[in-house]
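Asks: One structure, pasted below without further comment.
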Amino acid sequence: MTVFNITFSPTGGTQKAADLFAKSFAPEYDNINLLDCKQDFSAYTFNQEDTCLVAVPSYGGRVPAIAVSRLSQMQGNGANAILIVVYGNRAYDDTFVELQDTLSDCGFNCIAAVAALAEHSIMRQFAAGRPDENGEKELADFAQKILAKIQSDAPTTPLLLPGNRPYRKYGGVPMKPITSKACNQCGVCARECPVGAINAENPSQTNTETCISCMRCLAVCPQNARHISKMLLTAGSLKLKSACSGYKNNELFLP
């Protein structure tokens, strides 16, 4: 069995959860980075002997549209898929069913799923420190449980996941990164932007129509020169405080 760890993780939280799971699932695995806009994702063809861990963040209760587009180019050919949805303590809404539909449509066999908590990518006070020690152990134990089921050759049953069809409408996030005077035009943000929204010749310029507010540029800027308006952060934090407060547990799905 060849294992692939397929991730869309602009700020690292989704990657952390996926890696914790992958390391317990298999001693070796290949990484596929859905952030790389230069890759030809149609070149990825799998088979029934493969298992793909597919990890995405929930954006407003949906799979990021660019991740859907890139996953849709792959050919599953009956490969097993384990779905990992990572969210920042509000809710994942229809992310699971959209990810399951996307993968099933291109030939993957969805066999299990995990909803994992990670630090909110914009308002980082929510779910700070997640996945924590308890969450890490839970992910590791569940990975072993799924592996044992695969190795037992037990008959598979349909994976039923929470969510609605049609999916909830996603209108985007009004918070777009802005650049401070600390920017030295190094271009790291432009190279790392998963949707090419930053001008490579003048990285201080961002196409706000193309930008998906993933905060990748904030995470990779070596000068900490990109940020979100404090006024918008404060307003967003107040809006989400009730929904994002409190401790939520990981959710595990295995038929």
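By convention in this document, the chains of the structure tokens carry letters A, B, ... by their order, each chain's residues are numbered from 1, and ligands are numbered from 1 in the order they are shown.
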How close does each residue of range 67-154 of chain A get to range 245-255 of chain A, giving the shortest atom pair and distance in Å to one decimal for every residue with an atom at most 10 Å away, counting only C-alpha atoms, sorted by chain and residue number, as JSON lines?

Replies:
```
{"residue": "A:Ile82", "atom": "CA", "partner": "A:Leu254", "partner_atom": "CA", "distance": 9.6}
{"residue": "A:Leu83", "atom": "CA", "partner": "A:Phe253", "partner_atom": "CA", "distance": 9.3}
{"residue": "A:Ile84", "atom": "CA", "partner": "A:Leu252", "partner_atom": "CA", "distance": 9.5}
{"residue": "A:Val85", "atom": "CA", "partner": "A:Glu251", "partner_atom": "CA", "distance": 9.7}
{"residue": "A:Val86", "atom": "CA", "partner": "A:Asn250", "partner_atom": "CA", "distance": 9.3}
{"residue": "A:Tyr87", "atom": "CA", "partner": "A:Asn250", "partner_atom": "CA", "distance": 10.0}
{"residue": "A:Gly88", "atom": "CA", "partner": "A:Lys248", "partner_atom": "CA", "distance": 9.8}
{"residue": "A:Asn89", "atom": "CA", "partner": "A:Lys248", "partner_atom": "CA", "distance": 6.7}
{"residue": "A:Arg90", "atom": "CA", "partner": "A:Ser245", "partner_atom": "CA", "distance": 8.0}
{"residue": "A:Ala91", "atom": "CA", "partner": "A:Lys248", "partner_atom": "CA", "distance": 9.6}
{"residue": "A:Ile111", "atom": "CA", "partner": "A:Leu254", "partner_atom": "CA", "distance": 7.0}
{"residue": "A:Ala112", "atom": "CA", "partner": "A:Leu254", "partner_atom": "CA", "distance": 4.8}
{"residue": "A:Ala113", "atom": "CA", "partner": "A:Phe253", "partner_atom": "CA", "distance": 5.0}
{"residue": "A:Val114", "atom": "CA", "partner": "A:Leu252", "partner_atom": "CA", "distance": 4.8}
{"residue": "A:Ala115", "atom": "CA", "partner": "A:Glu251", "partner_atom": "CA", "distance": 4.9}
{"residue": "A:Ala116", "atom": "CA", "partner": "A:Asn250", "partner_atom": "CA", "distance": 4.8}
{"residue": "A:Leu117", "atom": "CA", "partner": "A:Asn250", "partner_atom": "CA", "distance": 6.3}
{"residue": "A:Ala118", "atom": "CA", "partner": "A:Asn250", "partner_atom": "CA", "distance": 9.9}
{"residue": "A:Gln125", "atom": "CA", "partner": "A:Ser245", "partner_atom": "CA", "distance": 9.6}
{"residue": "A:Phe126", "atom": "CA", "partner": "A:Ser245", "partner_atom": "CA", "distance": 6.9}
{"residue": "A:Ala127", "atom": "CA", "partner": "A:Tyr247", "partner_atom": "CA", "distance": 7.8}
{"residue": "A:Pro131", "atom": "CA", "partner": "A:Asn250", "partner_atom": "CA", "distance": 9.0}
{"residue": "A:Asn134", "atom": "CA", "partner": "A:Asn249", "partner_atom": "CA", "distance": 9.3}
{"residue": "A:Gly135", "atom": "CA", "partner": "A:Asn250", "partner_atom": "CA", "distance": 6.8}
{"residue": "A:Glu136", "atom": "CA", "partner": "A:Asn250", "partner_atom": "CA", "distance": 9.8}
{"residue": "A:Glu138", "atom": "CA", "partner": "A:Asn250", "partner_atom": "CA", "distance": 7.9}
{"residue": "A:Leu139", "atom": "CA", "partner": "A:Asn250", "partner_atom": "CA", "distance": 8.3}
{"residue": "A:Phe142", "atom": "CA", "partner": "A:Leu252", "partner_atom": "CA", "distance": 7.6}
{"residue": "A:Lys145", "atom": "CA", "partner": "A:Leu254", "partner_atom": "CA", "distance": 9.1}
{"residue": "A:Ile146", "atom": "CA", "partner": "A:Leu254", "partner_atom": "CA", "distance": 7.5}
{"residue": "A:Lys149", "atom": "CA", "partner": "A:Leu254", "partner_atom": "CA", "distance": 9.5}
```

Asks: Any chance you can output those residues with C-alpha atoms as a tab-separated table (two decimals), in the first residue's frame?

Replies:
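Heads up, here's the output in again29.tsv:
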```tsv
chain	number	residue	atom	x	y	z
A	82	ILE	CA	-9.49	9.29	4.35
A	83	LEU	CA	-10.99	12.76	4.70
A	84	ILE	CA	-9.51	15.21	7.22
A	85	VAL	CA	-11.40	18.46	7.69
A	86	VAL	CA	-9.74	21.04	9.93
A	87	TYR	CA	-11.62	24.00	11.39
A	88	GLY	CA	-11.01	26.83	13.84
A	89	ASN	CA	-13.63	26.03	16.49
A	90	ARG	CA	-16.75	27.48	14.81
A	91	ALA	CA	-18.21	24.67	12.67
A	111	ILE	CA	-13.67	5.09	3.80
A	112	ALA	CA	-13.23	7.26	6.91
A	113	ALA	CA	-13.13	10.87	8.06
A	114	VAL	CA	-11.86	13.12	10.83
A	115	ALA	CA	-12.95	16.60	11.90
A	116	ALA	CA	-9.95	18.10	13.70
A	117	LEU	CA	-9.53	21.37	15.55
A	118	ALA	CA	-6.68	23.75	14.76
A	125	GLN	CA	-7.07	33.26	19.74
A	126	PHE	CA	-9.75	30.74	18.77
A	127	ALA	CA	-8.65	27.09	19.16
A	131	PRO	CA	-4.35	20.10	18.07
A	134	ASN	CA	-5.38	14.90	23.78
A	135	GLY	CA	-6.21	15.64	20.16
A	136	GLU	CA	-2.86	14.32	18.95
A	138	GLU	CA	-6.91	10.74	19.41
A	139	LEU	CA	-5.71	11.27	15.83
A	142	PHE	CA	-7.86	6.60	15.06
A	145	LYS	CA	-7.95	1.83	13.93
A	146	ILE	CA	-8.51	2.68	10.25
A	149	LYS	CA	-9.72	-2.19	9.29
```

Asks: So that I can check the surroundings of Leu147 in chain A, please list as a ChimeraX atom specification every protein, DNA and RNA residue that reaches within 9 Å of it, counting only C-alpha atoms and ignoring chain neighbours fewer than 5 positions away.

Replies: /A:25-26,142,152

Asks: By how many Å are CA of Ala225 in chain A and CA of Gln39 in chain A apart?

Replies: 27.4 Å

Asks: Hey, what's within 12 Å of Ala55 in chain A if we count only C-alpha atoms and toss same-chain stuff fewer than 2 positions away? As a VMD selection string, please?

Replies: chain A and resid 4 to 10 12 to 22 31 to 35 52 to 53 57 to 58 63 to 64 67 to 68 71 81 to 87 95 to 96 99 to 100 103 113 to 116

Asks: So how far away is CA of Ala219 in chain A from CA of Tyr170 in chain A, in Å?

Replies: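 It comes out at 23.5 Å.
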
Asks: In range 118-253 of chain A, what's strand (DSSP E) per DSSP? Answer as number ranges by chain?

Replies: A: 178-179, 226-227, 251-253

Asks: Enumerate the residues of range 5-233 of chain A with a DSSP assignment of alpha helix (DSSP H), computed from the backbone, and present them as a PyMOL selection string.

Replies: chain A and resi 13-25+65-71+95-105+133-151+188-192+216-220+230-233

Asks: Expressed in Å to a single decimal, how great is the separation between CA of Met215 in chain A and CA of His227 in chain A?

Replies: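 Rounded to one decimal, the two atoms are 8.7 Å apart.
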
Asks: With only C-alpha atoms as the basis for distance, which of A:Cys110, A:Cys217, A:Cys211, A:Leu240 is at the shortest distance from Ala65 in chain A?

Replies: A:Cys211
